[in-house]
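Here is structure_0.pdb, consisting of PDB, C-alpha atoms:
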```
ATOM      1  CA  MET A   1     -42.898 -87.328 -27.344
ATOM      2  CA  PHE A   2     -43.555 -90.319 -29.597
ATOM      3  CA  ASN A   3     -41.297 -88.929 -32.318
ATOM      4  CA  ASP A   4     -38.530 -88.290 -29.755
ATOM      5  CA  PHE A   5     -38.862 -91.864 -28.568
ATOM      6  CA  ASN A   6     -38.516 -93.237 -32.106
ATOM      7  CA  LEU A   7     -35.507 -90.999 -32.776
ATOM      8  CA  ASN A   8     -33.761 -92.141 -29.598
ATOM      9  CA  THR A   9     -34.481 -95.768 -30.432
ATOM     10  CA  LEU A  10     -33.148 -95.313 -33.960
ATOM     11  CA  LEU A  11     -29.952 -93.645 -32.725
ATOM     12  CA  THR A  12     -29.463 -96.392 -30.158
ATOM     13  CA  ASP A  13     -29.813 -99.061 -32.864
ATOM     14  CA  ILE A  14     -27.356 -97.251 -35.111
ATOM     15  CA  PHE A  15     -24.745 -96.946 -32.331
ATOM     16  CA  THR A  16     -25.237-100.621 -31.493
ATOM     17  CA  ILE A  17     -24.583-101.572 -35.123
ATOM     18  CA  LEU A  18     -21.507 -99.329 -35.266
ATOM     19  CA  GLU A  19     -20.085-100.865 -32.078
ATOM     20  CA  HIS A  20     -20.596-104.367 -33.453
ATOM     21  CA  GLN A  21     -17.368-105.901 -34.754
ATOM     22  CA  ASN A  22     -17.978-107.339 -38.234
ATOM     23  CA  SER A  23     -16.401-110.565 -39.404
ATOM     24  CA  PRO A  24     -14.458-110.804 -42.722
ATOM     25  CA  GLU A  25     -17.390-112.754 -44.238
ATOM     26  CA  GLU A  26     -19.792-109.927 -43.396
ATOM     27  CA  LEU A  27     -17.453-107.349 -44.909
ATOM     28  CA  MET A  28     -17.172-109.410 -48.112
ATOM     29  CA  LEU A  29     -20.962-109.706 -48.249
ATOM     30  CA  LEU A  30     -21.255-105.922 -47.926
ATOM     31  CA  LEU A  31     -18.756-105.462 -50.765
ATOM     32  CA  VAL A  32     -20.633-107.869 -53.041
ATOM     33  CA  ILE A  33     -23.931-106.116 -52.312
ATOM     34  CA  GLU A  34     -22.298-102.759 -53.077
ATOM     35  CA  ILE A  35     -20.990-104.021 -56.449
ATOM     36  CA  LEU A  36     -24.332-105.591 -57.383
ATOM     37  CA  PHE A  37     -26.204-102.419 -56.381
ATOM     38  CA  TRP A  38     -24.114-100.142 -58.572
ATOM     39  CA  THR A  39     -24.152-102.659 -61.454
ATOM     40  CA  PHE A  40     -27.960-102.830 -61.303
ATOM     41  CA  LEU A  41     -28.247 -99.029 -61.014
ATOM     42  CA  SER A  42     -25.906 -98.562 -64.006
ATOM     43  CA  MET A  43     -28.053-100.927 -66.112
ATOM     44  CA  ILE A  44     -31.170 -98.883 -65.277
ATOM     45  CA  LEU A  45     -29.408 -95.627 -66.188
ATOM     46  CA  ILE A  46     -28.304 -97.119 -69.545
ATOM     47  CA  ILE A  47     -31.936 -97.917 -70.445
ATOM     48  CA  PHE A  48     -32.885 -94.239 -70.215
ATOM     49  CA  LEU A  49     -29.976 -92.963 -72.309
ATOM     50  CA  PRO A  50     -30.899 -90.973 -75.448
ATOM     51  CA  LYS A  51     -30.839 -92.925 -78.750
ATOM     52  CA  LYS A  52     -27.793 -91.081 -80.007
ATOM     53  CA  TYR A  53     -25.750 -92.844 -77.297
ATOM     54  CA  ILE A  54     -26.944 -96.372 -78.175
ATOM     55  CA  ASP A  55     -23.654 -97.294 -79.825
ATOM     56  CA  TYR A  56     -21.772 -96.293 -76.645
ATOM     57  CA  ARG A  57     -23.989 -97.967 -74.060
ATOM     58  CA  LYS A  58     -21.426-100.639 -73.226
ATOM     59  CA  ASP A  59     -18.652 -98.110 -72.618
ATOM     60  CA  ILE A  60     -20.944 -95.829 -70.626
ATOM     61  CA  PHE A  61     -22.155 -98.762 -68.520
ATOM     62  CA  ILE A  62     -18.585 -99.799 -67.671
ATOM     63  CA  PHE A  63     -17.638 -96.172 -66.915
ATOM     64  CA  ILE A  64     -20.574 -95.554 -64.545
ATOM     65  CA  THR A  65     -20.103 -98.905 -62.784
ATOM     66  CA  VAL A  66     -16.336 -98.495 -62.308
ATOM     67  CA  ILE A  67     -16.660 -94.888 -61.119
ATOM     68  CA  ASN A  68     -19.317 -95.650 -58.503
ATOM     69  CA  ILE A  69     -17.575 -98.783 -57.210
ATOM     70  CA  GLY A  70     -14.225 -96.936 -57.220
ATOM     71  CA  LEU A  71     -15.736 -94.125 -55.140
ATOM     72  CA  LEU A  72     -16.389 -96.679 -52.399
ATOM     73  CA  PHE A  73     -12.683 -97.583 -52.168
ATOM     74  CA  ILE A  74     -11.602 -93.947 -52.518
ATOM     75  CA  GLY A  75     -13.904 -93.051 -49.611
ATOM     76  CA  VAL A  76     -12.377 -95.789 -47.470
ATOM     77  CA  VAL A  77      -8.829 -94.602 -48.293
ATOM     78  CA  LEU A  78      -9.712 -90.962 -47.534
ATOM     79  CA  THR A  79     -11.328 -91.997 -44.242
ATOM     80  CA  LEU A  80      -8.152 -93.850 -43.215
ATOM     81  CA  ILE A  81      -6.042 -90.802 -44.125
ATOM     82  CA  MET A  82      -8.275 -88.525 -42.064
ATOM     83  CA  ILE A  83      -8.138 -90.918 -39.093
ATOM     84  CA  ILE A  84      -4.321 -91.056 -39.227
ATOM     85  CA  PHE A  85      -4.107 -87.256 -39.552
ATOM     86  CA  GLY A  86      -6.576 -86.758 -36.699
ATOM     87  CA  LEU A  87      -4.672 -89.100 -34.372
ATOM     88  CA  SER A  88      -1.388 -87.422 -35.267
ATOM     89  CA  TRP A  89      -2.872 -83.975 -34.595
ATOM     90  CA  ALA A  90      -4.338 -85.092 -31.252
ATOM     91  CA  THR A  91      -1.025 -86.660 -30.196
ATOM     92  CA  HIS A  92       0.794 -83.490 -31.202
ATOM     93  CA  ARG A  93      -1.525 -81.425 -28.997
ATOM     94  CA  VAL A  94      -0.907 -83.738 -26.025
ATOM     95  CA  SER A  95       2.893 -84.016 -26.370
ATOM     96  CA  ARG A  96       3.403 -80.368 -27.323
ATOM     97  CA  PRO A  97       1.148 -78.255 -25.123
ATOM     98  CA  PHE A  98       0.535 -74.638 -25.920
ATOM     99  CA  TYR A  99       2.804 -72.288 -23.999
ATOM    100  CA  GLU A 100       1.664 -68.799 -23.185
ATOM    101  CA  THR A 101       4.217 -66.004 -23.377
ATOM    102  CA  ILE A 102       4.339 -64.066 -20.115
ATOM    103  CA  LYS A 103       5.976 -60.693 -19.672
ATOM    104  CA  PHE A 104       8.097 -60.808 -16.539
ATOM    105  CA  GLU A 105       7.598 -57.101 -15.889
ATOM    106  CA  ASP A 106       3.825 -57.568 -15.691
ATOM    107  CA  GLU A 107       4.053 -60.596 -13.398
ATOM    108  CA  ILE A 108       6.535 -59.113 -10.947
ATOM    109  CA  SER A 109       4.134 -56.252 -10.301
ATOM    110  CA  LYS A 110       1.807 -58.781  -8.630
ATOM    111  CA  PHE A 111       4.346 -59.492  -5.865
ATOM    112  CA  PRO A 112       4.189 -57.342  -2.744
ATOM    113  CA  ILE A 113       7.059 -54.848  -2.532
ATOM    114  CA  VAL A 114       8.580 -54.186   0.885
ATOM    115  CA  TYR A 115      10.431 -50.930   1.294
ATOM    116  CA  SER A 116      13.109 -50.544   3.948
ATOM    117  CA  LYS A 117      12.469 -47.754   6.387
ATOM    118  CA  PHE A 118      16.156 -46.861   6.721
ATOM    119  CA  GLN A 119      17.418 -48.248   3.410
ATOM    120  CA  GLU A 120      20.057 -50.847   4.202
ATOM    121  CA  GLY A 121      21.625 -49.946   0.869
ATOM    122  CA  VAL A 122      23.668 -47.313   2.691
ATOM    123  CA  LEU A 123      25.751 -50.158   4.094
ATOM    124  CA  SER A 124      27.349 -50.813   0.723
ATOM    125  CA  MET A 125      31.007 -49.779   0.566
ATOM    126  CA  GLU A 126      30.815 -49.235  -3.198
ATOM    127  CA  GLY A 127      29.654 -45.994  -4.738
ATOM    128  CA  GLY A 128      30.726 -42.429  -4.320
ATOM    129  CA  ASN A 129      27.660 -41.148  -2.477
ATOM    130  CA  ARG A 130      28.362 -42.867   0.840
ATOM    131  CA  ASP A 131      29.642 -39.697   2.454
ATOM    132  CA  ASP A 132      26.470 -37.885   1.451
ATOM    133  CA  ILE A 133      24.387 -40.056   3.798
ATOM    134  CA  SER A 134      23.769 -38.541   7.192
ATOM    135  CA  SER A 135      25.375 -40.101  10.291
ATOM    136  CA  ASN A 136      21.928 -40.500  11.798
ATOM    137  CA  ASN A 137      20.750 -42.723   8.930
ATOM    138  CA  LYS A 138      23.992 -44.716   8.979
ATOM    139  CA  ILE A 139      23.626 -45.406  12.708
ATOM    140  CA  LYS A 140      20.007 -46.447  12.342
ATOM    141  CA  SER A 141      20.927 -48.797   9.490
ATOM    142  CA  LEU A 142      23.824 -50.297  11.446
ATOM    143  CA  LYS A 143      21.436 -51.047  14.316
ATOM    144  CA  ILE A 144      19.074 -52.835  11.919
ATOM    145  CA  LEU A 145      21.977 -54.859  10.504
ATOM    146  CA  TYR A 146      23.195 -55.790  13.993
ATOM    147  CA  ASP A 147      19.741 -56.979  15.071
ATOM    148  CA  SER A 148      19.207 -58.979  11.875
ATOM    149  CA  ASN A 149      21.584 -61.723  13.054
ATOM    150  CA  ALA A 150      22.289 -62.456   9.371
ATOM    151  CA  GLN A 151      25.380 -64.102   7.957
ATOM    152  CA  GLY A 152      28.282 -61.682   7.676
ATOM    153  CA  ASN A 153      26.418 -58.811   9.369
ATOM    154  CA  ILE A 154      29.232 -58.012  11.824
ATOM    155  CA  GLY A 155      31.789 -58.153   9.021
ATOM    156  CA  LYS A 156      29.791 -55.474   7.175
ATOM    157  CA  ILE A 157      29.568 -53.355  10.294
ATOM    158  CA  LYS A 158      33.379 -53.591  10.729
ATOM    159  CA  LYS A 159      33.787 -51.819   7.381
ATOM    160  CA  PHE A 160      32.338 -48.704   8.986
ATOM    161  CA  LEU A 161      35.182 -48.561  11.519
ATOM    162  CA  SER A 162      36.936 -46.396   8.919
ATOM    163  CA  ASP A 163      33.939 -44.208   8.108
ATOM    164  CA  SER A 164      34.445 -40.468   7.707
ATOM    165  CA  SER A 165      31.884 -39.777  10.434
ATOM    166  CA  ASP A 166      33.169 -39.967  14.024
ATOM    167  CA  GLU A 167      29.719 -40.926  15.332
ATOM    168  CA  THR A 168      29.410 -43.763  12.805
ATOM    169  CA  ARG A 169      32.893 -45.101  13.610
ATOM    170  CA  LEU A 170      32.248 -45.068  17.355
ATOM    171  CA  TYR A 171      28.853 -46.726  16.988
ATOM    172  CA  ALA A 172      30.228 -49.421  14.666
ATOM    173  CA  PHE A 173      33.062 -50.075  17.148
ATOM    174  CA  ALA A 174      30.547 -50.360  20.007
ATOM    175  CA  LEU A 175      28.440 -52.882  18.086
ATOM    176  CA  VAL A 176      31.415 -55.035  17.082
ATOM    177  CA  SER A 177      32.862 -54.954  20.602
ATOM    178  CA  SER A 178      29.498 -55.830  22.130
ATOM    179  CA  PHE A 179      29.094 -58.801  19.820
ATOM    180  CA  GLU A 180      32.617 -60.094  20.412
ATOM    181  CA  LYS A 181      32.231 -59.712  24.170
ATOM    182  CA  ARG A 182      28.969 -61.626  24.130
ATOM    183  CA  LEU A 183      30.600 -64.512  22.245
ATOM    184  CA  ASN A 184      33.721 -64.538  24.454
ATOM    185  CA  ASP A 185      31.636 -64.510  27.622
ATOM    186  CA  ARG A 186      29.628 -67.446  26.334
ATOM    187  CA  ILE A 187      32.803 -69.348  25.482
ATOM    188  CA  THR A 188      34.152 -68.817  29.008
ATOM    189  CA  THR A 189      30.857 -69.988  30.519
ATOM    190  CA  LEU A 190      30.750 -73.142  28.370
ATOM    191  CA  GLN A 191      34.385 -74.013  29.114
ATOM    192  CA  ASN A 192      33.639 -73.843  32.843
ATOM    193  CA  LYS A 193      30.555 -76.009  32.379
ATOM    194  CA  ILE A 194      32.578 -78.631  30.520
ATOM    195  CA  LYS A 195      35.139 -78.771  33.340
ATOM    196  CA  ASN A 196      32.467 -79.365  35.981
ATOM    197  CA  ALA A 197      29.914 -81.313  33.911
ATOM    198  CA  GLN A 198      28.924 -84.922  34.254
ATOM    199  CA  GLU A 199      29.910 -87.294  31.480
ATOM    200  CA  SER A 200      26.405 -87.269  29.958
ATOM    201  CA  ARG A 201      26.410 -83.457  29.558
ATOM    202  CA  ILE A 202      29.917 -82.972  28.167
ATOM    203  CA  GLU A 203      28.890 -83.760  24.605
ATOM    204  CA  LYS A 204      26.093 -81.158  24.636
ATOM    205  CA  TYR A 205      28.277 -78.429  26.123
ATOM    206  CA  SER A 206      31.057 -79.274  23.679
ATOM    207  CA  PHE A 207      28.714 -78.847  20.731
ATOM    208  CA  ASP A 208      27.475 -75.513  22.114
ATOM    209  CA  LEU A 209      31.093 -74.408  22.462
ATOM    210  CA  ALA A 210      31.925 -75.394  18.881
ATOM    211  CA  ASN A 211      28.788 -73.639  17.634
ATOM    212  CA  THR A 212      29.799 -70.472  19.491
ATOM    213  CA  TYR A 213      33.212 -70.502  17.833
ATOM    214  CA  TRP A 214      31.393 -70.931  14.509
ATOM    215  CA  GLN A 215      29.548 -67.641  15.140
ATOM    216  CA  PHE A 216      32.862 -65.794  14.824
ATOM    217  CA  ILE A 217      33.107 -67.077  11.255
ATOM    218  CA  PHE A 218      29.414 -66.995  10.348
ATOM    219  CA  HIS A 219      28.902 -63.370  11.346
ATOM    220  CA  GLY A 220      32.179 -62.171   9.891
ATOM    221  CA  VAL A 221      33.858 -61.261  13.174
ATOM    222  CA  ALA A 222      37.005 -63.230  12.352
ATOM    223  CA  ASP A 223      39.178 -62.147   9.435
ATOM    224  CA  THR A 224      40.818 -64.585   6.996
ATOM    225  CA  GLN A 225      43.724 -65.474   9.300
ATOM    226  CA  LEU A 226      41.595 -65.948  12.419
ATOM    227  CA  SER A 227      39.064 -68.061  10.477
ATOM    228  CA  GLY A 228      41.669 -70.813  10.093
ATOM    229  CA  PHE A 229      42.315 -70.724  13.845
ATOM    230  CA  TYR A 230      38.623 -71.038  14.663
ATOM    231  CA  THR A 231      37.900 -73.812  12.148
ATOM    232  CA  LYS A 232      40.772 -75.890  13.561
ATOM    233  CA  LYS A 233      39.456 -75.335  17.077
ATOM    234  CA  ILE A 234      35.937 -76.368  16.045
ATOM    235  CA  GLU A 235      37.197 -79.550  14.365
ATOM    236  CA  ASP A 236      39.148 -80.528  17.479
ATOM    237  CA  ILE A 237      36.015 -80.140  19.612
ATOM    238  CA  LEU A 238      33.641 -81.941  17.232
ATOM    239  CA  LYS A 239      35.857 -84.996  16.668
ATOM    240  CA  ASN A 240      34.944 -86.221  20.151
ATOM    241  CA  ILE A 241      31.176 -86.036  19.464
ATOM    242  CA  LYS A 242      29.824 -89.266  17.976
ATOM    243  CA  SER A 243      26.041 -89.286  18.359
ATOM    244  CA  ASN A 244      24.858 -85.713  17.790
ATOM    245  CA  PRO A 245      23.736 -85.198  14.140
ATOM    246  CA  SER A 246      23.897 -81.397  14.540
ATOM    247  CA  ALA A 247      27.599 -81.741  15.300
ATOM    248  CA  PHE A 248      28.198 -83.472  11.958
ATOM    249  CA  ILE A 249      26.181 -80.787  10.162
ATOM    250  CA  LEU A 250      28.384 -78.118  11.717
ATOM    251  CA  LEU A 251      31.477 -80.133  10.853
ATOM    252  CA  GLY A 252      30.252 -80.333   7.249
ATOM    253  CA  LYS A 253      29.846 -76.542   7.149
ATOM    254  CA  ILE A 254      33.389 -76.109   8.432
ATOM    255  CA  HIS A 255      34.748 -78.408   5.711
ATOM    256  CA  ILE A 256      32.791 -76.544   3.026
ATOM    257  CA  PHE A 257      34.175 -73.266   4.355
ATOM    258  CA  ASN A 258      37.684 -74.737   4.010
ATOM    259  CA  LYS A 259      36.779 -76.253   0.591
ATOM    260  CA  ASP A 260      37.399 -79.782   1.899
ATOM    261  CA  TYR A 261      34.433 -81.125  -0.069
ATOM    262  CA  ILE A 262      35.121 -84.840   0.347
ATOM    263  CA  GLU A 263      35.301 -84.495   4.136
ATOM    264  CA  ALA A 264      32.183 -82.296   4.084
ATOM    265  CA  GLU A 265      30.215 -84.951   2.189
ATOM    266  CA  ILE A 266      31.275 -87.626   4.690
ATOM    267  CA  ALA A 267      30.086 -85.419   7.564
ATOM    268  CA  PHE A 268      26.680 -84.680   6.003
ATOM    269  CA  LEU A 269      26.107 -88.341   5.112
ATOM    270  CA  LYS A 270      26.882 -89.220   8.738
ATOM    271  CA  ALA A 271      24.247 -86.691   9.858
ATOM    272  CA  ILE A 272      21.737 -88.352   7.523
ATOM    273  CA  GLU A 273      22.704 -91.736   8.956
ATOM    274  CA  LEU A 274      21.921 -90.373  12.425
ATOM    275  CA  GLY A 275      18.400 -89.368  11.390
ATOM    276  CA  VAL A 276      18.574 -85.995   9.652
ATOM    277  CA  PRO A 277      16.247 -85.978   6.575
ATOM    278  CA  LYS A 278      18.231 -86.135   3.359
ATOM    279  CA  GLU A 279      16.125 -83.281   1.943
ATOM    280  CA  ALA A 280      17.455 -80.988   4.688
ATOM    281  CA  MET A 281      20.996 -81.609   3.425
ATOM    282  CA  SER A 282      20.193 -81.147  -0.272
ATOM    283  CA  THR A 283      21.600 -77.620  -0.642
ATOM    284  CA  PHE A 284      24.851 -78.590   1.096
ATOM    285  CA  LEU A 285      25.255 -81.740  -1.016
ATOM    286  CA  ALA A 286      24.521 -79.787  -4.210
ATOM    287  CA  GLU A 287      27.190 -77.253  -3.216
ATOM    288  CA  ILE A 288      29.646 -80.088  -2.596
ATOM    289  CA  LYS A 289      29.000 -81.640  -6.035
ATOM    290  CA  TYR A 290      29.508 -78.231  -7.609
ATOM    291  CA  GLY A 291      32.740 -77.732  -5.652
ATOM    292  CA  LEU A 292      33.956 -81.151  -6.829
ATOM    293  CA  LYS A 293      33.038 -80.153 -10.425
ATOM    294  CA  LYS A 294      30.591 -83.060 -10.658
ATOM    295  CA  TYR A 295      28.095 -80.858 -12.449
ATOM    296  CA  ASN A 296      25.999 -83.747 -13.759
ATOM    297  CA  GLU A 297      25.121 -84.716 -10.174
ATOM    298  CA  VAL A 298      24.115 -81.260  -8.935
ATOM    299  CA  SER A 299      20.541 -81.630 -10.222
ATOM    300  CA  ASP A 300      20.049 -84.753  -8.063
ATOM    301  CA  TYR A 301      19.884 -82.492  -5.013
ATOM    302  CA  ILE A 302      17.784 -79.663  -6.478
ATOM    303  CA  LEU A 303      14.284 -80.325  -5.103
ATOM    304  CA  PRO A 304      11.664 -78.115  -6.811
ATOM    305  CA  GLU A 305       8.872 -79.213  -4.458
ATOM    306  CA  GLN A 306      10.865 -77.731  -1.553
ATOM    307  CA  PHE A 307      12.903 -74.999  -3.230
ATOM    308  CA  ASN A 308       9.798 -73.439  -4.811
ATOM    309  CA  LEU A 309       8.696 -72.430  -1.326
ATOM    310  CA  ASP A 310      11.588 -69.966  -1.174
ATOM    311  CA  LEU A 311      11.781 -67.528  -4.105
ATOM    312  CA  ARG A 312      15.447 -66.914  -3.325
ATOM    313  CA  LEU A 313      16.156 -70.471  -4.542
ATOM    314  CA  LYS A 314      14.291 -70.000  -7.843
ATOM    315  CA  PRO A 315      17.532 -69.308  -9.781
ATOM    316  CA  LEU A 316      18.948 -72.602  -8.468
ATOM    317  CA  ILE A 317      15.985 -74.523  -9.899
ATOM    318  CA  SER A 318      16.195 -72.676 -13.226
ATOM    319  CA  MET A 319      19.922 -73.295 -13.575
ATOM    320  CA  TRP A 320      20.425 -76.750 -12.118
ATOM    321  CA  GLY A 321      16.979 -78.398 -12.030
ATOM    322  CA  LYS A 322      16.442 -81.587 -14.016
ATOM    323  CA  ARG A 323      15.193 -81.081 -17.568
TER
END
```

Output the file's structure in the form of structure tokens.
Amino acid sequence: MFNDFNLNTLLTDIFTILEHQNSPEELMLLLVIEILFWTFLSMILIIFLPKKYIDYRKDIFIFITVINIGLLFIGVVLTLIMIIFGLSWATHRVSRPFYETIKFEDEISKFPIVYSKFQEGVLSMEGGNRDDISSNNKIKSLKILYDSNAQGNIGKIKKFLSDSSDETRLYAFALVSSFEKRLNDRITTLQNKIKNAQESRIEKYSFDLANTYWQFIFHGVADTQLSGFYTKKIEDILKNIKSNPSAFILLGKIHIFNKDYIEAEIAFLKAIELGVPKEAMSTFLAEIKYGLKKYNEVSDYILPEQFNLDLRLKPLISMWGKR
């Protein structure tokens, strides 16, 4: 225990000396002592030289003294070189981290795979094996597509109105007709409500009416010609709504659909002004900048902290995210 105590004390004293900042006078004193030490040691070594070297004692003395004093300066220079190299290496490790190569095939296997029970792939119009699929499977898949309420789902179902199977054609027609009837009935109901509504409720019913017309476009019920009719009708309804931010969002979507990007941006900025978080409009604003060919500004609206939550947006981050 006593020896451990002495060792700890000695190490503490050494670290204290090393941490002490020496003055120039102290460094000069150390240098003088170093020179005197090696001069004295060289003189002692000369005394013990064999007699045959007596005539060369002076040269040997100078050689030994210069070499030993020179080693001091060489050591200092080498230490400085090692310090500079070490700092450079450490900085290199910090600024250039090690990247591990990952095989995408191995990583994707970690994600859960969901298989469709009825394989919605049968809904594709491309390919020559469509007629080989049974009518029963087509009908089941059409029902899944109808219930999904996804964008363009009715437009895809309408493609099966010309299917080779009578059962598939009739079922597709029934689904499309049912959807159109539901929208038309809702439009009639909302128009009656607007006629009889109080002033405070007109704006709400008007927005609901515009949103219902939008469903014709969103779900693919309306073809190219009818889409222009519906967008004009929606714009006429929304222009009288001043305080509903959702109305300006819908108006922005209509303008994007018509490729009126400047008007779309004005509508979305108005929605933000009325309280909609700017982050919620980021995808629309990015699409607008892309449509306006302002590619340098697209990355301003790509938000990795939000987009990373949805793997479908991963390509957007990879392509347009800030570097």

Find the distance between atom CA of A:Gly75 and atom CA of A:Leu41 and write it in Å to one decimal.
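So the answer is 19.3 Å.
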
- Message: I'd like the contact shell of stretch 155-170 of chain A - 7 Å cut-off, all atoms listed in the file, skipping same-chain residues fewer than 5 positions apart - returned as a list of chain:residue names.
- Response: A:Ser135, A:Lys138, A:Ile139, A:Leu142, A:Val176, A:His219, A:Gly220, A:Val221

Query - Selection result for the PyMOL selection byres ((chain A and resi 204-206) around 9) on this file, as a ChimeraX atom specification - result: /A:190-191,193-194,197,200-203,207-211,237-238,240-241,244

Open item on the list: With the PyMOL selection byres ((chain A and resi 261) around 10) as the selection, what would be picked from this file? Answer as a PyMOL selection string, please.
Closed with: chain A and resi 252-260+262-267+284-285+287-292

Those residues you just picked out, can you put them in a file as a PDB file, in the frame of the given file with C-alpha atoms?
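For reference, result_35.pdb as written:
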```pdb
ATOM      1  CA  GLY A 252      30.252 -80.333   7.249  1.00  0.00           C
ATOM      2  CA  LYS A 253      29.846 -76.542   7.149  1.00  0.00           C
ATOM      3  CA  ILE A 254      33.389 -76.109   8.432  1.00  0.00           C
ATOM      4  CA  HIS A 255      34.748 -78.408   5.711  1.00  0.00           C
ATOM      5  CA  ILE A 256      32.791 -76.544   3.026  1.00  0.00           C
ATOM      6  CA  PHE A 257      34.175 -73.266   4.355  1.00  0.00           C
ATOM      7  CA  ASN A 258      37.684 -74.737   4.010  1.00  0.00           C
ATOM      8  CA  LYS A 259      36.779 -76.253   0.591  1.00  0.00           C
ATOM      9  CA  ASP A 260      37.399 -79.782   1.899  1.00  0.00           C
ATOM     10  CA  ILE A 262      35.121 -84.840   0.347  1.00  0.00           C
ATOM     11  CA  GLU A 263      35.301 -84.495   4.136  1.00  0.00           C
ATOM     12  CA  ALA A 264      32.183 -82.296   4.084  1.00  0.00           C
ATOM     13  CA  GLU A 265      30.215 -84.951   2.189  1.00  0.00           C
ATOM     14  CA  ILE A 266      31.275 -87.626   4.690  1.00  0.00           C
ATOM     15  CA  ALA A 267      30.086 -85.419   7.564  1.00  0.00           C
ATOM     16  CA  PHE A 284      24.851 -78.590   1.096  1.00  0.00           C
ATOM     17  CA  LEU A 285      25.255 -81.740  -1.016  1.00  0.00           C
ATOM     18  CA  GLU A 287      27.190 -77.253  -3.216  1.00  0.00           C
ATOM     19  CA  ILE A 288      29.646 -80.088  -2.596  1.00  0.00           C
ATOM     20  CA  LYS A 289      29.000 -81.640  -6.035  1.00  0.00           C
ATOM     21  CA  TYR A 290      29.508 -78.231  -7.609  1.00  0.00           C
ATOM     22  CA  GLY A 291      32.740 -77.732  -5.652  1.00  0.00           C
ATOM     23  CA  LEU A 292      33.956 -81.151  -6.829  1.00  0.00           C
TER      24      LEU A 292
END
```

- Item | Point-to-point distance in Å for atom CA of A:Tyr230 and atom CA of A:Pro277 |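 If I compute the distance from atom CA of A:Pro277 to atom CA of A:Tyr230, I get 28.1 Å.
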
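For the structure shown here, the set of residues caught by the PyMOL selection byres ((chain A and resi 276) around 12) is Ser243, Asn244, Pro245, Ser246, Ala247, Phe248, Ile249, Ala267, Phe268, Leu269, Lys270, Ala271, Ile272, Glu273, Leu274, Gly275, Pro277, Lys278, Glu279, Ala280, Met281 and Ser282 of chain A.
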
What does the distance between atom CA of A:Arg182 and atom CA of A:Ile217 come to in Å, to one decimal place?
->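 We find that atom CA of A:Arg182 and atom CA of A:Ile217 lie 14.6 Å from each other.
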
Quick one: residues within 12 Å of stretch 28-35 of chain A, all atoms listed in the file counted, chain neighbours fewer than 4 positions away excluded, as a PyMOL selection string?
chain A and resi 22-24+39-42+64-73

- Skipping near chain neighbours, those fewer than 6 positions away, what residues fall within 12 Å of A:Ser178 using only C-alpha atoms, listed as a list of chain:residue names? A:Tyr146, A:Ile154, A:Tyr171, A:Ala172, A:Asn184, A:Asp185, A:Val221

Report as lines of an AutoDock Vina configuration file the centre and the edge lengths, in Å to one decimal, of the axis-aligned box holding every listed atom of stretch 194-205 of chain A, padded by 8 Å on each side.
```
center_x = 30.6
center_y = -82.9
center_z = 30.3
size_x = 25.0
size_y = 24.9
size_z = 27.4
```
